[in-house]
Amino acid sequence: MRIVDAHGHVGRWYAFAVTDGSARSLISVMDRCGVATACVSHLLAVGPDARAGNELLLTELAQHPARLLGYAVFNPHDPEAPERLRDLLEVPGVIGVKLHPEVHELPLDHPAYAPAFDIAAERGRIVLAHSQHDSAFCDPVRFAAVAPRYPGLPLLMGHSGLWTSGFAPAAEAASRCPNLILETCGSRMTARHLGRLVAEAGAERIAFGSDAVFLDLRTGLGRVLLADISEADREQILHGTMDRLLKGPR
């Protein structure tokens, strides 16, 4: 079975124990788990330095073109971010945009994020954004507010609300927004929760993600493999949804 990880990272994070954040280490685990492709952003870019982190991402994509695809991080506080994003999306292997409203301390539906959505929509790319239930910045209701503005844009809700209290609101938002896709990673997600998301939103609206190298890819994959869902739904989550999203113009 082909497996695509929709949400991963390379690099280190200042406040999290990442034992080995190298692309080589990630690919080693991918090989053991049968993961063909991981879609990653660089943690330096998510955190303190989007410009430098995005450049490091390009280096990793060039060195591992058959295994890694990339999200360019958009920092809404950088006045040059729109121009830089346009250039980054021209680089082979860059499939979309990564937003982290919680880190940026800016609501997902704030006008400062509009250039990222506009550019991604123009280029037919994917936007992956961190979500967190009850967050002032990225609660599922923020996704439900943004998604209808860009009906042709695939918007991945990273973590599907993150907390267990957020899974139902995430599924409800996805049911109302055809271009909103839920993503499975997070330490609170279990196989049982995943089964409920499938029942409420449909497997075609869910993509597997691990959050490696933050979290263990093996754990994230295991919950999908062990979930009480049909084999067709399992394959849809593990690769079908992302296969569809990645068919857009690159």
# chains A, B, ... in the order shown; residues from 1 in each chain; ligands from 1
>>> select_by_dssp(residues="region 1-112 of chain A", states="alpha helix (DSSP H)", output="PyMOL selection string")
chain A and resi 23-33+43-46+50-63+81-88+101-104
>>> write_last_selection(atoms="C-alpha atoms", output="compact mmCIF listing (two decimals), in the first residue's frame")
# COMPACT_ATOMS: atom_id res chain seq x y z
CA ALA A 23 15.70 14.29 6.98
CA ARG A 24 17.88 11.18 6.94
CA SER A 25 16.45 10.05 10.28
CA LEU A 26 12.89 10.73 9.14
CA ILE A 27 13.37 8.80 5.93
CA SER A 28 14.84 5.88 7.87
CA VAL A 29 11.62 5.62 9.89
CA MET A 30 9.57 6.06 6.72
CA ASP A 31 11.40 3.11 5.18
CA ARG A 32 10.63 0.90 8.16
CA CYS A 33 6.95 1.89 8.10
CA LEU A 43 10.78 23.78 12.12
CA LEU A 44 13.12 26.76 11.95
CA ALA A 45 10.69 28.31 9.48
CA VAL A 46 7.66 27.50 11.62
CA ALA A 50 10.82 31.61 8.20
CA ARG A 51 13.30 32.89 5.63
CA ALA A 52 16.24 30.78 6.79
CA GLY A 53 14.06 27.76 7.55
CA ASN A 54 12.48 27.80 4.10
CA GLU A 55 15.93 27.88 2.52
CA LEU A 56 16.92 24.85 4.59
CA LEU A 57 13.74 23.12 3.41
CA LEU A 58 14.73 23.64 -0.22
CA THR A 59 18.08 22.00 0.47
CA GLU A 60 16.38 18.94 1.96
CA LEU A 61 13.94 18.69 -0.95
CA ALA A 62 16.80 18.81 -3.45
CA GLN A 63 18.67 16.08 -1.59
CA ALA A 81 6.52 37.16 2.74
CA PRO A 82 4.12 37.30 -0.27
CA GLU A 83 6.91 37.91 -2.77
CA ARG A 84 9.07 35.23 -1.19
CA LEU A 85 6.18 32.78 -1.21
CA ARG A 86 5.62 33.27 -4.94
CA ASP A 87 9.26 32.40 -5.56
CA LEU A 88 9.21 29.40 -3.22
CA PRO A 101 -1.53 30.90 13.71
CA GLU A 102 -0.74 29.82 17.27
CA VAL A 103 2.96 30.56 16.80
CA HIS A 104 2.28 33.72 14.81
>>> select_by_dssp(residues="region 54-125 of chain A", states="strand (DSSP E)", output="PyMOL selection string")
chain A and resi 68-73+94-99
>>> closest_residue(among="A:Val224, A:Val94, A:Ile181, A:Leu99", to="Ala112 (chain A)", atoms="only C-alpha atoms")
A:Leu99
>>> residues_around(residues="Ala17 (chain A)", least_positions_apart="5", cutoff="12 Å", atoms="only C-alpha atoms", output="mmCIF file with N, CA and C atoms, in the first residue's frame")
data_model
loop_
_atom_site.group_PDB
_atom_site.id
_atom_site.type_symbol
_atom_site.label_atom_id
_atom_site.label_comp_id
_atom_site.auth_asym_id
_atom_site.auth_seq_id
_atom_site.Cartn_x
_atom_site.Cartn_y
_atom_site.Cartn_z
ATOM 1 N N GLY A 11 14.104 19.271 11.198
ATOM 2 C CA GLY A 11 14.703 20.312 12.023
ATOM 3 C C GLY A 11 14.432 20.110 13.502
ATOM 4 N N ARG A 12 14.737 21.129 14.283
ATOM 5 C CA ARG A 12 14.583 21.085 15.743
ATOM 6 C C ARG A 12 13.627 22.169 16.208
ATOM 7 N N ALA A 212 5.627 13.843 12.583
ATOM 8 C CA ALA A 212 7.061 13.600 12.737
ATOM 9 C C ALA A 212 7.796 14.850 12.227
ATOM 10 N N VAL A 213 8.875 15.252 12.825
ATOM 11 C CA VAL A 213 9.659 14.582 13.843
ATOM 12 C C VAL A 213 9.268 14.985 15.264
ATOM 13 N N PHE A 214 8.193 15.780 15.400
ATOM 14 C CA PHE A 214 7.672 16.078 16.731
ATOM 15 C C PHE A 214 7.191 14.807 17.412
ATOM 16 N N LEU A 215 6.317 14.095 16.739
ATOM 17 C CA LEU A 215 5.729 12.872 17.265
ATOM 18 C C LEU A 215 6.255 11.670 16.484
ATOM 19 N N ASP A 216 6.041 10.492 17.030
ATOM 20 C CA ASP A 216 6.550 9.263 16.431
ATOM 21 C C ASP A 216 5.666 8.856 15.249
#
>>> atom_distance(atom1="CA of Asp78 (chain A)", atom2="CA of Ile119 (chain A)")
15.4 Å
>>> closest_residue(among="A:Leu89, A:Ala72, A:Cys185, A:Cys177", to="Thr219 (chain A)", atoms="only C-alpha atoms")
A:Cys185
>>> closest_residue(among="A:His7, A:Arg223, A:Lys247, A:His42", to="His193 (chain A)", atoms="only C-alpha atoms")
A:Arg223
>>> residues_around(residues="Glu105 (chain A)", least_positions_apart="2", cutoff="12 Å", atoms="only C-alpha atoms", output="MDAnalysis selection string")
chainID A and resid 47 75:77 99:103 107:110 112:113 130 135:138
>>> atom_distance(atom1="CA of Gly8 (chain A)", atom2="CA of Glu231 (chain A)")
24.0 Å
>>> closest_atom_pairs(of="region 140-182 of chain A", to="region 237-242 of chain A", cutoff="12 Å", atoms="only C-alpha atoms", output="tab-separated table")
residue	atom	partner	partner_atom	distance
A:Pro154	CA	A:Met242	CA	10.2
A:Leu155	CA	A:Met242	CA	11.7
A:Leu156	CA	A:Met242	CA	10.1
A:Asn179	CA	A:Thr241	CA	11.6
A:Leu180	CA	A:Thr241	CA	11.6
A:Ile181	CA	A:Thr241	CA	8.6
A:Leu182	CA	A:Ile237	CA	9.9
>>> residues_around(residues="Cys39 (chain A)", least_positions_apart="5", cutoff="7 Å", atoms="only C-alpha atoms", output="compact mmCIF listing (two decimals) with C-alpha atoms, in the first residue's frame")
# COMPACT_ATOMS: atom_id res chain seq x y z
CA ASP A 5 2.27 11.50 5.24
CA ALA A 6 0.51 14.84 4.86
CA HIS A 7 2.02 16.56 7.90
CA GLY A 8 5.65 16.22 8.91
CA LEU A 68 10.05 14.56 0.56
CA LEU A 69 7.65 17.24 -0.58
CA GLY A 70 7.59 20.64 1.06
CA TYR A 71 5.35 23.30 2.58
>>> closest_residue(among="A:Leu245, A:Ala147, A:Met189, A:Ala15", to="Gly166 (chain A)", atoms="only C-alpha atoms")
A:Met189
>>> residues_around(residues="Phe167 (chain A)", least_positions_apart="3", cutoff="10 Å", atoms="only C-alpha atoms", output="list in words")
Gln132, His133, Pro140, His159, Ser160, Gly161, Leu162, Trp163, Thr164, Ala170, Ala171, Glu172, Ala173, Leu182, Thr184, Arg188, Met189, His193, Leu194, Arg196, Leu197 and Glu200 of chain A
>>> residues_around(residues="Gly152 (chain A)", least_positions_apart="6", cutoff="12 Å", atoms="only C-alpha atoms", output="JSON, numbers by chain")
{"A": [117, 118, 120, 121, 122, 123, 124, 125, 126, 127, 146, 177, 178, 179, 180, 245, 248]}
>>> closest_residue(among="A:Val18, A:Ala129, A:Met1, A:Ala201", to="Ala36 (chain A)", atoms="only C-alpha atoms")
A:Met1
